[in-house]
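Here is protein_29.csv, consisting of CSV, C-alpha atoms (C1' of nucleotides):
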```csv
chain,number,residue,atom,x,y,z
C,1,MET,CA,-77.3,-52.2,-132.7
C,2,ILE,CA,-74.3,-50.0,-133.4
C,3,LEU,CA,-73.8,-49.4,-129.7
C,4,VAL,CA,-73.6,-53.2,-129.0
C,5,SER,CA,-71.3,-53.8,-131.9
C,6,GLU,CA,-69.0,-51.0,-131.0
C,7,LEU,CA,-68.9,-52.2,-127.4
C,8,MET,CA,-68.0,-55.7,-128.7
C,9,LEU,CA,-65.3,-54.3,-130.9
C,10,GLN,CA,-63.5,-52.6,-128.0
C,11,GLN,CA,-60.3,-54.5,-127.6
C,12,THR,CA,-61.6,-57.3,-129.8
C,13,GLN,CA,-60.8,-58.0,-133.4
C,14,ALA,CA,-63.6,-57.6,-135.9
C,15,SER,CA,-63.2,-61.2,-137.2
C,16,ARG,CA,-64.2,-62.5,-133.8
C,17,VAL,CA,-67.1,-60.1,-133.4
C,18,VAL,CA,-68.9,-60.8,-136.7
C,19,GLU,CA,-70.0,-64.4,-135.8
C,20,ARG,CA,-71.1,-63.4,-132.3
C,21,LEU,CA,-73.0,-60.2,-133.0
C,22,THR,CA,-76.1,-61.7,-134.7
C,23,PRO,CA,-76.9,-64.4,-132.1
C,24,PHE,CA,-76.3,-61.8,-129.4
C,25,LEU,CA,-78.7,-59.3,-131.0
C,26,GLU,CA,-81.3,-62.0,-131.4
C,27,GLU,CA,-81.1,-62.8,-127.7
C,28,PHE,CA,-81.1,-59.0,-126.8
C,29,PRO,CA,-82.8,-57.2,-129.6
C,30,THR,CA,-83.8,-54.1,-127.6
C,31,PRO,CA,-82.5,-52.2,-124.5
C,32,GLU,CA,-85.9,-53.0,-122.9
C,33,GLY,CA,-85.5,-56.7,-123.2
C,34,MET,CA,-82.0,-56.7,-121.8
C,35,ALA,CA,-82.9,-54.2,-119.0
C,36,GLN,CA,-85.8,-56.4,-117.8
C,37,GLY,CA,-83.7,-59.4,-117.1
C,38,SER,CA,-80.7,-59.8,-114.8
C,39,VAL,CA,-77.1,-59.4,-115.9
C,40,ALA,CA,-76.4,-63.2,-115.7
C,41,PRO,CA,-77.7,-64.1,-119.2
C,42,VAL,CA,-75.8,-61.1,-120.7
C,43,ILE,CA,-72.6,-62.4,-119.1
C,44,SER,CA,-73.2,-65.9,-120.4
C,45,ALA,CA,-73.9,-64.6,-123.9
C,46,TRP,CA,-70.7,-62.6,-123.7
C,47,ASN,CA,-68.7,-65.7,-122.9
C,48,GLY,CA,-65.5,-66.0,-125.0
C,49,LEU,CA,-65.4,-62.4,-126.2
C,50,GLY,CA,-63.1,-61.3,-123.4
C,51,TYR,CA,-63.2,-58.4,-120.9
C,52,ASN,CA,-66.4,-59.6,-119.3
C,53,ARG,CA,-66.8,-56.3,-117.5
C,54,ARG,CA,-68.1,-55.0,-120.8
C,55,ALA,CA,-71.1,-57.3,-120.5
C,56,VAL,CA,-71.9,-55.8,-117.0
C,57,ASN,CA,-71.5,-52.3,-118.4
C,58,LEU,CA,-73.7,-53.1,-121.3
C,59,HIS,CA,-76.5,-54.3,-119.0
C,60,ARG,CA,-76.2,-51.2,-116.9
C,61,ALA,CA,-76.2,-49.0,-120.0
C,62,ALA,CA,-79.4,-50.8,-121.2
C,63,ARG,CA,-81.1,-50.0,-117.9
C,64,LYS,CA,-79.9,-46.4,-118.1
C,65,ILE,CA,-81.2,-46.1,-121.6
C,66,VAL,CA,-84.6,-47.4,-120.6
C,67,ASP,CA,-84.8,-45.3,-117.4
C,68,GLU,CA,-83.4,-42.0,-118.6
C,69,HIS,CA,-83.8,-42.0,-122.4
C,70,ARG,CA,-87.1,-43.8,-123.0
C,71,GLY,CA,-85.4,-46.8,-124.5
C,72,ALA,CA,-83.6,-44.9,-127.2
C,73,VAL,CA,-79.8,-44.7,-127.5
C,74,PRO,CA,-78.9,-41.1,-127.0
C,75,ASP,CA,-77.7,-39.1,-130.0
C,76,ASN,CA,-75.5,-36.6,-128.2
C,77,LEU,CA,-72.0,-36.8,-126.9
C,78,GLY,CA,-72.6,-35.9,-123.3
C,79,ASP,CA,-75.4,-38.5,-122.7
C,80,LEU,CA,-73.4,-41.2,-124.5
C,81,LEU,CA,-70.4,-40.6,-122.4
C,82,ASP,CA,-72.6,-41.0,-119.3
C,83,LEU,CA,-73.3,-44.6,-120.3
C,84,PRO,CA,-71.2,-47.1,-118.4
C,85,GLY,CA,-68.5,-48.6,-120.6
C,86,VAL,CA,-68.8,-45.9,-123.2
C,87,GLY,CA,-65.7,-43.7,-123.5
C,88,PRO,CA,-64.5,-41.1,-126.0
C,89,TYR,CA,-64.1,-43.6,-128.9
C,90,THR,CA,-67.4,-45.5,-128.5
C,91,ALA,CA,-69.5,-42.4,-128.0
C,92,ARG,CA,-68.2,-40.8,-131.2
C,93,ALA,CA,-68.4,-44.1,-133.0
C,94,VAL,CA,-72.1,-44.3,-132.3
C,95,LEU,CA,-72.6,-40.7,-133.5
C,96,VAL,CA,-70.7,-41.3,-136.7
C,97,PHE,CA,-71.7,-44.9,-137.6
C,98,ALA,CA,-75.3,-45.0,-136.3
C,99,PHE,CA,-76.4,-41.4,-136.6
C,100,GLU,CA,-74.1,-40.4,-139.5
C,101,ARG,CA,-73.0,-37.3,-137.7
C,102,SER,CA,-70.0,-35.3,-138.6
C,103,GLU,CA,-67.7,-36.5,-135.7
C,104,ALA,CA,-64.2,-38.0,-135.7
C,105,VAL,CA,-63.2,-41.1,-133.8
C,106,VAL,CA,-59.7,-41.8,-132.5
C,107,ASP,CA,-59.0,-45.5,-132.0
C,108,THR,CA,-55.6,-47.1,-131.8
C,109,ASN,CA,-55.3,-47.2,-135.6
C,110,ILE,CA,-56.3,-43.6,-136.2
C,111,GLY,CA,-54.1,-42.5,-133.2
C,112,ARG,CA,-51.1,-44.0,-135.0
C,113,VAL,CA,-52.0,-42.3,-138.3
C,114,LEU,CA,-52.4,-38.9,-136.7
C,115,ALA,CA,-49.2,-39.0,-134.7
C,116,ARG,CA,-47.1,-39.9,-137.8
C,117,TRP,CA,-49.1,-37.4,-139.9
C,118,GLU,CA,-48.2,-34.6,-137.5
C,119,GLY,CA,-44.7,-36.0,-137.0
C,120,ARG,CA,-44.9,-36.0,-133.2
C,121,THR,CA,-46.4,-37.8,-130.3
C,122,LEU,CA,-49.8,-36.3,-129.5
C,123,GLY,CA,-51.8,-35.9,-126.3
C,124,ARG,CA,-55.4,-37.0,-126.0
C,125,GLN,CA,-56.8,-33.6,-126.6
C,126,GLU,CA,-54.4,-32.8,-129.4
C,127,ALA,CA,-55.3,-36.0,-131.2
C,128,GLN,CA,-59.0,-35.5,-130.9
C,129,GLU,CA,-58.8,-31.9,-132.1
C,130,LEU,CA,-56.6,-32.8,-135.0
C,131,ALA,CA,-59.1,-35.6,-136.0
C,132,ASP,CA,-62.0,-33.1,-135.6
C,133,ARG,CA,-60.2,-30.6,-137.9
C,134,LEU,CA,-59.4,-33.2,-140.6
C,135,VAL,CA,-62.8,-35.1,-140.7
C,136,SER,CA,-64.8,-34.8,-143.9
C,137,HIS,CA,-68.1,-33.1,-143.3
C,138,ASP,CA,-69.3,-34.5,-146.6
C,139,ASP,CA,-68.9,-38.1,-145.7
C,140,PRO,CA,-67.9,-38.5,-142.1
C,141,TRP,CA,-68.9,-42.2,-142.1
C,142,GLY,CA,-66.6,-43.0,-145.0
C,143,TRP,CA,-63.8,-40.8,-143.7
C,144,ASN,CA,-63.6,-42.5,-140.4
C,145,GLN,CA,-63.8,-45.9,-142.0
C,146,ALA,CA,-61.0,-45.0,-144.4
C,147,LEU,CA,-58.7,-43.7,-141.7
C,148,MET,CA,-59.2,-46.8,-139.6
C,149,GLU,CA,-58.5,-48.9,-142.6
C,150,LEU,CA,-55.4,-47.0,-143.4
C,151,GLY,CA,-54.1,-47.5,-139.9
C,152,ALA,CA,-55.1,-51.2,-139.8
C,153,LEU,CA,-53.6,-52.1,-143.2
C,154,ILE,CA,-50.8,-49.7,-144.1
C,155,CYS,CA,-50.0,-47.3,-141.3
C,156,THR,CA,-49.4,-50.4,-139.0
C,157,GLY,CA,-47.0,-50.8,-136.1
C,158,VAL,CA,-44.2,-51.3,-138.7
C,159,PRO,CA,-45.6,-48.9,-141.4
C,160,GLN,CA,-45.7,-49.8,-145.1
C,161,CYS,CA,-45.0,-46.3,-146.3
C,162,VAL,CA,-44.3,-47.5,-149.8
C,163,GLU,CA,-48.0,-48.5,-150.1
C,164,CYS,CA,-49.3,-45.4,-148.4
C,165,PRO,CA,-51.4,-43.1,-150.7
C,166,VAL,CA,-50.8,-40.0,-148.5
C,167,SER,CA,-47.1,-40.4,-147.6
C,168,ASN,CA,-46.2,-37.2,-149.5
C,169,SER,CA,-48.3,-35.3,-146.9
C,170,CYS,CA,-47.1,-37.2,-143.9
C,171,ARG,CA,-44.7,-35.2,-141.8
C,172,TRP,CA,-42.9,-38.2,-140.4
C,173,PHE,CA,-42.4,-39.7,-143.8
C,174,VAL,CA,-41.4,-36.4,-145.5
C,175,SER,CA,-38.8,-35.8,-142.7
C,176,GLY,CA,-37.2,-39.1,-143.8
C,177,ARG,CA,-38.5,-40.9,-140.7
C,178,ASP,CA,-35.4,-39.6,-139.0
C,179,GLY,CA,-36.5,-39.4,-135.4
C,180,ALA,CA,-38.1,-42.2,-133.5
C,181,ASP,CA,-41.6,-43.3,-134.5
C,182,PRO,CA,-43.9,-40.8,-132.9
C,183,ALA,CA,-46.8,-43.3,-132.7
C,184,PRO,CA,-45.9,-45.3,-129.6
C,185,GLY,CA,-47.1,-43.5,-126.5
C,186,SER,CA,-49.3,-41.2,-128.6
C,187,ALA,CA,-53.0,-40.8,-127.7
C,188,ALA,CA,-55.1,-43.9,-128.1
C,189,VAL,CA,-52.3,-46.0,-129.4
C,190,SER,CA,-52.4,-49.4,-127.7
C,191,ARG,CA,-49.5,-50.5,-125.5
C,192,ARG,CA,-48.1,-53.9,-125.0
C,193,GLN,CA,-50.0,-56.2,-122.7
C,194,SER,CA,-48.7,-58.6,-120.1
C,195,ARG,CA,-49.0,-62.2,-121.0
C,196,PHE,CA,-52.4,-63.9,-120.4
C,197,ASP,CA,-51.1,-67.4,-119.4
C,198,GLY,CA,-50.7,-67.5,-115.6
C,199,SER,CA,-52.3,-64.1,-115.1
C,200,ASP,CA,-55.1,-63.2,-112.8
C,201,ARG,CA,-57.2,-62.6,-115.9
C,202,GLN,CA,-57.0,-66.2,-116.8
C,203,GLY,CA,-58.5,-67.2,-113.4
C,204,ARG,CA,-61.2,-64.6,-113.7
C,205,SER,CA,-62.1,-65.9,-117.1
C,206,ALA,CA,-62.2,-69.5,-116.0
C,207,LEU,CA,-64.5,-68.8,-113.1
C,208,VAL,CA,-67.0,-66.7,-115.1
C,209,ARG,CA,-67.1,-69.4,-117.7
C,210,THR,CA,-67.8,-72.0,-115.1
C,211,LEU,CA,-70.4,-69.9,-113.4
C,212,SER,CA,-72.3,-69.7,-116.6
C,213,ALA,CA,-73.1,-73.4,-116.2
C,214,GLY,CA,-74.0,-73.1,-112.5
C,215,PRO,CA,-72.9,-72.0,-109.0
C,216,VAL,CA,-69.5,-72.9,-107.4
C,217,SER,CA,-69.1,-73.7,-103.8
C,218,GLU,CA,-66.6,-71.9,-101.6
C,219,SER,CA,-64.4,-75.0,-101.4
C,220,ASP,CA,-64.4,-75.6,-105.2
C,221,LEU,CA,-63.3,-72.0,-105.9
C,222,PRO,CA,-59.6,-72.6,-106.3
C,223,VAL,CA,-60.1,-75.4,-108.7
C,224,ALA,CA,-62.7,-73.5,-110.7
C,225,MET,CA,-60.2,-70.6,-111.1
C,226,GLY,CA,-57.4,-73.0,-112.2
C,227,TRP,CA,-55.3,-72.6,-109.0
C,228,PRO,CA,-56.1,-75.8,-107.0
C,229,ASP,CA,-53.0,-75.2,-104.8
C,230,ASP,CA,-53.4,-71.5,-104.3
C,231,ALA,CA,-56.6,-70.8,-102.4
C,232,GLU,CA,-55.2,-67.5,-101.2
C,233,ARG,CA,-54.8,-66.3,-104.7
C,234,ALA,CA,-58.3,-67.5,-105.7
C,235,HIS,CA,-59.9,-65.6,-102.8
C,236,ARG,CA,-57.9,-62.5,-103.6
C,237,VAL,CA,-58.8,-62.5,-107.3
C,238,VAL,CA,-62.5,-63.4,-106.8
C,239,LYS,CA,-62.8,-60.2,-104.8
C,240,THR,CA,-62.1,-58.2,-108.0
C,241,LEU,CA,-64.9,-60.1,-109.7
C,242,LEU,CA,-67.3,-59.2,-106.9
C,243,THR,CA,-66.3,-55.6,-107.2
C,244,ASP,CA,-66.8,-55.7,-110.9
C,245,GLY,CA,-70.3,-57.1,-110.5
C,246,LEU,CA,-69.4,-60.2,-112.5
C,247,VAL,CA,-69.9,-62.6,-109.5
C,248,THR,CA,-72.0,-62.6,-106.4
C,249,ARG,CA,-72.2,-64.7,-103.3
C,250,SER,CA,-75.0,-67.3,-103.3
C,251,GLU,CA,-77.2,-67.9,-100.2
C,252,ASP,CA,-75.2,-70.9,-99.2
C,253,GLY,CA,-71.9,-68.9,-99.2
C,254,GLY,CA,-70.8,-70.1,-102.6
C,255,PHE,CA,-70.4,-68.1,-105.8
C,256,GLU,CA,-72.8,-67.5,-108.8
C,257,LEU,CA,-73.5,-65.0,-111.6
C,258,PRO,CA,-75.4,-62.0,-110.3
C,259,THR,CA,-79.2,-62.5,-110.4
T,1,DC,C1',-44.1,-67.1,-129.3
T,2,DT,C1',-46.2,-62.1,-131.1
T,3,DC,C1',-49.9,-59.3,-132.5
T,4,DC,C1',-54.2,-56.9,-131.8
T,5,DG,C1',-57.7,-53.8,-129.5
T,6,DG,C1',-60.9,-48.8,-125.2
T,7,DT,C1',-62.5,-47.9,-120.5
T,8,DA,C1',-62.4,-47.3,-115.7
T,9,DC,C1',-60.0,-46.5,-111.8
T,10,DC,C1',-56.0,-45.2,-109.0
W,1,DG,C1',-50.1,-41.1,-116.5
W,2,DG,C1',-50.0,-45.8,-115.1
W,3,DT,C1',-52.4,-50.3,-114.6
W,4,DA,C1',-55.9,-54.0,-114.8
W,5,DC,C1',-58.9,-56.1,-117.7
W,6,DC,C1',-59.5,-61.3,-122.2
W,7,DG,C1',-59.0,-64.4,-126.0
W,8,DG,C1',-58.1,-66.1,-130.7
W,9,DA,C1',-55.3,-65.9,-134.9
W,10,DG,C1',-50.9,-66.2,-137.1
```

With the file now loaded, output its structure as structure tokens.
Amino acid sequence: MILVSELMLQQTQASRVVERLTPFLEEFPTPEGMAQGSVAPVISAWNGLGYNRRAVNLHRAARKIVDEHRGAVPDNLGDLLDLPGVGPYTARAVLVFAFERSEAVVDTNIGRVLARWEGRTLGRQEAQELADRLVSHDDPWGWNQALMELGALICTGVPQCVECPVSNSCRWFVSGRDGADPAPGSAAVSRRQSRFDGSDRQGRSALVRTLSAGPVSESDLPVAMGWPDDAERAHRVVKTLLTDGLVTRSEDGGFELPT
DNA sequence: CTCCGGTACC
DNA sequence: GGTACCGGAG
């Protein structure tokens, strides 16, 4: 349950996850249920959440959990990191929020807080070690939630230091915020994204959405991807979908969701 | 139009 | 270390 919600929350705002999580968990209540079927219904159920590769990864993770962990989500860092689509953040998020273990997560919000707290840009290892050192062993769940909230509401891109309850201990604030903001470029802090309109991602998204309703023939591919006059681009980009396991060739040479 | 969010792969 | 990968809200 926590694993699915954390995977959904990757690169996706919580407000959009809340209404999708319950129907998704009703369709796929257990790793066994998801692992038994093909990936196609998982992709369809993921529709609209973005980054469809996460759906493929989740299906593969479900199979691995069934095959190698008797259907139970692992409760140790190494095995969690071995699951497809599970990285440093999600693995620790499962340990903290599902198993209530004394671990520290570093997402984009916490990465920003840590960099300003230390007053300098941090590397991946540095940020994780700092978070590990700071985490409350009394209430790790609440600590991580509080830090994420601090980053999401106060220690934002343009920080609201006047509202910050811990500014007196923040190196960057205490130093008078003289140097440049250490947060951009620091570990886990998100970077600007290229625009979606007109991107390859838009065509990928359009095709996967269409394929959820049924197969698409070779000749219909450019239209389905939104590039009716650019068959070359359609064929170049559909290769990336084949590589990602989001699309497969049907028997008649067209395209469909993987069976 | 800008903002927001981790992982995998090179 | 840089880049590709989605979509909705404000």

Residue list for chain W near chain C as a ChimeraX atom specification, 7 Å, all atoms listed in the file: /W:5-7

Provide as a compact mmCIF listing (two decimals) with C-alpha atoms (C1' of nucleotides), in the frame of the given file the residues of chain T at most 10 Å from chain C, counting all atoms listed in the file.
```
# COMPACT_ATOMS: atom_id res chain seq x y z
C1' DC T 3 -49.90 -59.30 -132.50
C1' DC T 4 -54.20 -56.90 -131.80
C1' DG T 5 -57.70 -53.80 -129.50
C1' DG T 6 -60.90 -48.80 -125.20
C1' DT T 7 -62.50 -47.90 -120.50
C1' DA T 8 -62.40 -47.30 -115.70
```

Length of the CA of Pro23 in chain C to CA of Ile65 in chain C vector [Å]: 21.5 Å

All residues 12 Å or closer to DT2 in chain T, all atoms listed in the file, same chain fewer than 6 positions away omitted, as a PyMOL selection string: (chain C and resi 192-195) or (chain W and resi 9-10)

Please produce a file of those selected residues containing C-alpha atoms (C1' of nucleotides), as a PDB file, in the coordinates of the input.
```pdb
ATOM      1  CA  ARG C 192     -48.100 -53.900-125.000  1.00  0.00           C
ATOM      2  CA  GLN C 193     -50.000 -56.200-122.700  1.00  0.00           C
ATOM      3  CA  SER C 194     -48.700 -58.600-120.100  1.00  0.00           C
ATOM      4  CA  ARG C 195     -49.000 -62.200-121.000  1.00  0.00           C
TER       5      ARG C 195
ATOM      6  C1'  DA W   9     -55.300 -65.900-134.900  1.00  0.00           C
ATOM      7  C1'  DG W  10     -50.900 -66.200-137.100  1.00  0.00           C
TER       8       DG W  10
END
```

All residues 9 Å or closer to Val216 in chain C, only C-alpha atoms (C1' of nucleotides), same chain fewer than 5 positions away omitted, as a list in words: Leu207, Thr210, Leu211, Leu221, Ala224, Ser250, Gly254, Phe255 and Glu256 of chain C

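What separates CA of Asp79 in chain C from CA of Leu134 in chain C is a distance of 24.6 Å.
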
Atom pair CA of Ala131 in chain C / CA of Trp117 in chain C: separation (Å): 10.9 Å

Long-range neighbours of DG1 in chain W as a short mmCIF file (atom, residue, chain, number, x, y, z; two decimals) with C-alpha atoms (C1' of nucleotides), in the frame of the given file, 12 Å cut-off, all atoms listed in the file, 3 positions minimum in chain:
```cif
data_model
loop_
_atom_site.label_atom_id
_atom_site.label_comp_id
_atom_site.auth_asym_id
_atom_site.auth_seq_id
_atom_site.Cartn_x
_atom_site.Cartn_y
_atom_site.Cartn_z
CA GLY C 123 -51.80 -35.90 -126.30
CA ARG C 124 -55.40 -37.00 -126.00
CA GLY C 185 -47.10 -43.50 -126.50
CA ALA C 187 -53.00 -40.80 -127.70
"C1'" DC T 10 -56.00 -45.20 -109.00
#
```

Test item: which residues lie within 12 Å of (-45.3, -37.3, -131.1) counting only C-alpha atoms (C1' of nucleotides), as number ranges by chain: C: 111-124, 126-127, 171-172, 179-187, 189

Can you list, as a compact mmCIF listing (two decimals) with C-alpha atoms, in the frame of the given file, every protein, DNA or RNA residue that comes within 12 Å of Val223 in chain C when you count all atoms listed in the file, leaving out same-chain residues fewer than 2 positions away?
```txt
# COMPACT_ATOMS: atom_id res chain seq x y z
CA GLY C 203 -58.50 -67.20 -113.40
CA ARG C 204 -61.20 -64.60 -113.70
CA ALA C 206 -62.20 -69.50 -116.00
CA LEU C 207 -64.50 -68.80 -113.10
CA THR C 210 -67.80 -72.00 -115.10
CA VAL C 216 -69.50 -72.90 -107.40
CA SER C 217 -69.10 -73.70 -103.80
CA GLU C 218 -66.60 -71.90 -101.60
CA SER C 219 -64.40 -75.00 -101.40
CA ASP C 220 -64.40 -75.60 -105.20
CA LEU C 221 -63.30 -72.00 -105.90
CA MET C 225 -60.20 -70.60 -111.10
CA GLY C 226 -57.40 -73.00 -112.20
CA TRP C 227 -55.30 -72.60 -109.00
CA PRO C 228 -56.10 -75.80 -107.00
CA ASP C 229 -53.00 -75.20 -104.80
CA ASP C 230 -53.40 -71.50 -104.30
CA ALA C 231 -56.60 -70.80 -102.40
CA GLU C 232 -55.20 -67.50 -101.20
CA ARG C 233 -54.80 -66.30 -104.70
CA ALA C 234 -58.30 -67.50 -105.70
CA HIS C 235 -59.90 -65.60 -102.80
```

Contacts of range 100-106 of chain C within 6 Å, all atoms listed in the file, excl. fewer than 4 positions in-chain, as a count of residues only: 11
